[in-house]
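These notes are about the structure you will find just below.
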Amino acid sequence: MFGFRTRTNLKVACVTANERGLVRKDNQDSFFVDPAKTVFCVADGMGGGSEGGTASRFVCEELEKAVASATDFAARMRAVDVAIGAANARILAYAEEKRFRQMGSTLAVLLIDPENGRRAAICHIGDSRVYRVRGGSAELLTHDHTVGGQLSAFATGRQAVSLKSRTNPLSHILTRAIGVDQNVAGAWRKVDVAPDDRYLICSDGVHDVVSDSLVGEILTVERGLKSASRRLSDVIVRNGAPDNFTYVIIETRGVI
């Protein structure tokens with residue numbers, strides 16, 4: 001578990017998990033956290049075998065390099081865009097060199113402003129997600145870049161729910177990923193931060209088997225970050241852990 005206090009006396013703590021699951025032979029997920037710079041991310045690779053793991057690792061490596069010299073919140077946001085471009089070029093070049101047909105990665109990033117603890121920014125590509133748990137419920141802060149996710153934006157009621165359902169095959173077809181096209185951009189969103197918020201950044205190996213409502217329950221009822229992490233992992237395993245599962249749970253405390 002990691003912890004850091006910002007200049008606004010906001011204490012940020014996090015816990016991570018990165019597991020192969022019970023079915024897959026390889027782990028294609030990666031993550032990167034830098035509590036001192038309040039940067040947290042999950043990347044989920046695709047491409048089969050080691051290619052997907054290499055792609056997600058490239059994304060996290062480029063993000064780590066880019067944010068290392070970023071001195072403020074705006075610079076960190078720019079660094080994320082730089083990292084996405086660098087990782088995209090690196091994956092495309094590697095795939096061409098190795099003659100892989102296709103490899104790529106999703107990305108979900110949370111940045112908390114250490115100078116103004118009331119604000120944060122989220123950037124994502126693909127179907128890795130960011131949730132905010134506040135007041136006992138989980139709010140999904142990202143919108144999946146999948147065929148089902150995109151179509152659901154134009155639907156209502158049961159049809160929208162069906163399109164986004166994890167049992168719908170359209171929900172797993174990505175419409176945006178790093179390392180697939182020559183140009184890719186992250187989807188940005190700014191959000192407010194409050195004391196006692198909890199955030200979950202996760203790959204689809206988590207949200208495919210754990211409902212949004214159960215995410216809210218676990219991160220609300222379990223007061224300790226480690227106990228919340230243990231229970232979340234236990235639920236995933238009890239549901240068969242059919243995919244790699246990776247997550248970062250972030251907690252904010254203190255005066256903002």
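In the structure tokens, chains take letters A, B, ... by order of appearance, with residues numbered from 1 within each chain and ligands from 1 in the order shown.
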
Stretch 28-30 of chain A environment, 6 Å, only C-alpha atoms, sequence neighbours closer than 3 positions dropped, as a list in words:
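Here the answer would be Ala43, Asp44, Gly45, Gly52, Gly53, Ser56 and Arg57 of chain A.
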
May I have the residues within 8 Å of A:Asp243 as a list in words, using only C-alpha atoms and disregarding those fewer than 4 positions away in the same chain?
Arg20, Gly21, Leu22, Val23, Arg24, Asp204 and Gly205 of chain A

Would you put the residues from that selection into a file with N, CA, C and O atoms, as an mmCIF file, in the first residue's frame?
data_model
loop_
_atom_site.group_PDB
_atom_site.id
_atom_site.type_symbol
_atom_site.label_atom_id
_atom_site.label_comp_id
_atom_site.auth_asym_id
_atom_site.auth_seq_id
_atom_site.Cartn_x
_atom_site.Cartn_y
_atom_site.Cartn_z
ATOM 1 N N ARG A 20 -3.051 -12.912 -12.835
ATOM 2 C CA ARG A 20 -3.270 -13.607 -14.102
ATOM 3 C C ARG A 20 -4.696 -14.128 -14.220
ATOM 4 O O ARG A 20 -5.223 -14.266 -15.337
ATOM 5 N N GLY A 21 -5.344 -14.417 -13.099
ATOM 6 C CA GLY A 21 -6.665 -15.023 -13.134
ATOM 7 C C GLY A 21 -6.567 -16.534 -13.153
ATOM 8 O O GLY A 21 -5.475 -17.111 -13.054
ATOM 9 N N LEU A 22 -7.706 -17.204 -13.322
ATOM 10 C CA LEU A 22 -7.750 -18.659 -13.217
ATOM 11 C C LEU A 22 -7.790 -19.369 -14.560
ATOM 12 O O LEU A 22 -7.724 -20.598 -14.599
ATOM 13 N N VAL A 23 -7.886 -18.631 -15.661
ATOM 14 C CA VAL A 23 -8.055 -19.258 -16.975
ATOM 15 C C VAL A 23 -6.915 -18.928 -17.931
ATOM 16 O O VAL A 23 -6.371 -19.820 -18.595
ATOM 17 N N ARG A 24 -6.536 -17.668 -18.017
ATOM 18 C CA ARG A 24 -5.513 -17.241 -18.979
ATOM 19 C C ARG A 24 -4.121 -17.757 -18.598
ATOM 20 O O ARG A 24 -3.779 -17.842 -17.412
ATOM 21 N N ASP A 204 -10.919 -4.849 -17.663
ATOM 22 C CA ASP A 204 -12.220 -5.491 -17.837
ATOM 23 C C ASP A 204 -12.321 -6.820 -17.110
ATOM 24 O O ASP A 204 -13.425 -7.329 -16.892
ATOM 25 N N GLY A 205 -11.194 -7.378 -16.706
ATOM 26 C CA GLY A 205 -11.217 -8.584 -15.896
ATOM 27 C C GLY A 205 -11.844 -8.363 -14.535
ATOM 28 O O GLY A 205 -12.240 -9.316 -13.857
#

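Of the residues listed (A:Cys41, A:Ala70, A:Ile91, A:Met46), A:Met46 shows the shortest atom-to-atom separation from A:Asn27; distances use only C-alpha atoms.
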
Å distance separating atom CA of A:Thr246 from atom CA of A:Asp192, one decimal place
24.4 Å

Report as a list in words all protein, DNA and RNA residues lying within 9 Å of A:Gln102, evaluated on only C-alpha atoms, omitting residues in the same chain fewer than 2 positions from it.
Met46, Gly47, Glu51, Leu92, Ala95, Glu96, Arg99, Phe100, Gly104, Gly179 and Val180 of chain A

Those same residues - N, CA and C atoms - I'd like them written as a JSON list (two decimals), in the first residue's frame.
[["chain", "number", "residue", "atom", "x", "y", "z"],
["A", 46, "MET", "N", -3.60, -6.30, -25.51],
["A", 46, "MET", "CA", -4.28, -7.27, -26.39],
["A", 46, "MET", "C", -3.30, -7.67, -27.48],
["A", 47, "GLY", "N", -3.54, -8.85, -28.04],
["A", 47, "GLY", "CA", -2.67, -9.33, -29.10],
["A", 47, "GLY", "C", -2.30, -10.78, -28.95],
["A", 51, "GLU", "N", 2.42, -10.64, -26.53],
["A", 51, "GLU", "CA", 2.32, -9.36, -27.23],
["A", 51, "GLU", "C", 1.48, -8.34, -26.45],
["A", 92, "LEU", "N", 3.49, 0.22, -32.44],
["A", 92, "LEU", "CA", 3.40, 0.01, -33.88],
["A", 92, "LEU", "C", 4.73, -0.43, -34.47],
["A", 95, "ALA", "N", 5.49, -4.07, -33.32],
["A", 95, "ALA", "CA", 4.66, -5.04, -34.02],
["A", 95, "ALA", "C", 5.16, -5.25, -35.45],
["A", 96, "GLU", "N", 5.60, -4.17, -36.09],
["A", 96, "GLU", "CA", 6.13, -4.30, -37.46],
["A", 96, "GLU", "C", 7.44, -5.07, -37.46],
["A", 99, "ARG", "N", 6.69, -8.64, -36.76],
["A", 99, "ARG", "CA", 5.70, -9.15, -37.70],
["A", 99, "ARG", "C", 4.47, -9.70, -36.99],
["A", 100, "PHE", "N", 4.08, -9.03, -35.93],
["A", 100, "PHE", "CA", 2.82, -9.36, -35.28],
["A", 100, "PHE", "C", 1.70, -8.69, -36.06],
["A", 104, "GLY", "N", -1.91, -4.16, -28.99],
["A", 104, "GLY", "CA", -2.31, -2.85, -28.51],
["A", 104, "GLY", "C", -2.64, -2.89, -27.03],
["A", 179, "GLY", "N", -1.78, 1.70, -30.09],
["A", 179, "GLY", "CA", -0.96, 0.78, -30.86],
["A", 179, "GLY", "C", -1.67, 0.13, -32.03],
["A", 180, "VAL", "N", -2.86, 0.59, -32.35],
["A", 180, "VAL", "CA", -3.64, 0.00, -33.44],
["A", 180, "VAL", "C", -3.62, 0.89, -34.68]]

A:Val221, A:Ala87, A:Ala241, A:Ala185: which is nearest A:Ile125, counting only C-alpha atoms?
A:Ala185

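The interatomic distance for the pair atom CA of A:Asp208 and atom CA of A:Asp196 works out to 25.9 Å.
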
Which value, in Å to one decimal, gives the distance between atom CA of A:Val42 and atom CA of A:Tyr247?
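Interatomic distance here is 6.7 Å.
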
Non-local contacts of A:Val206 (10 Å; only C-alpha atoms; under 2 positions in same chain excluded) as a list in words
Ser128, Arg129, Ile201, Cys202, Ser203, Asp204, Asp208, Val209, Val210, Ser211, Val215, Leu232, Ser233, Val235, Ile236, Val237, Ala241, Pro242, Asp243, Asn244, Phe245, Thr246 and Tyr247 of chain A

Using the chain letters and numbers from this document, which residues of stretch 10-244 of chain A does DSSP assign to helix (DSSP H, G or I), as a ChimeraX atom specification?
/A:35-37,49-68,73-98,147-152,157-164,169-172,204-207,212-221,225-238
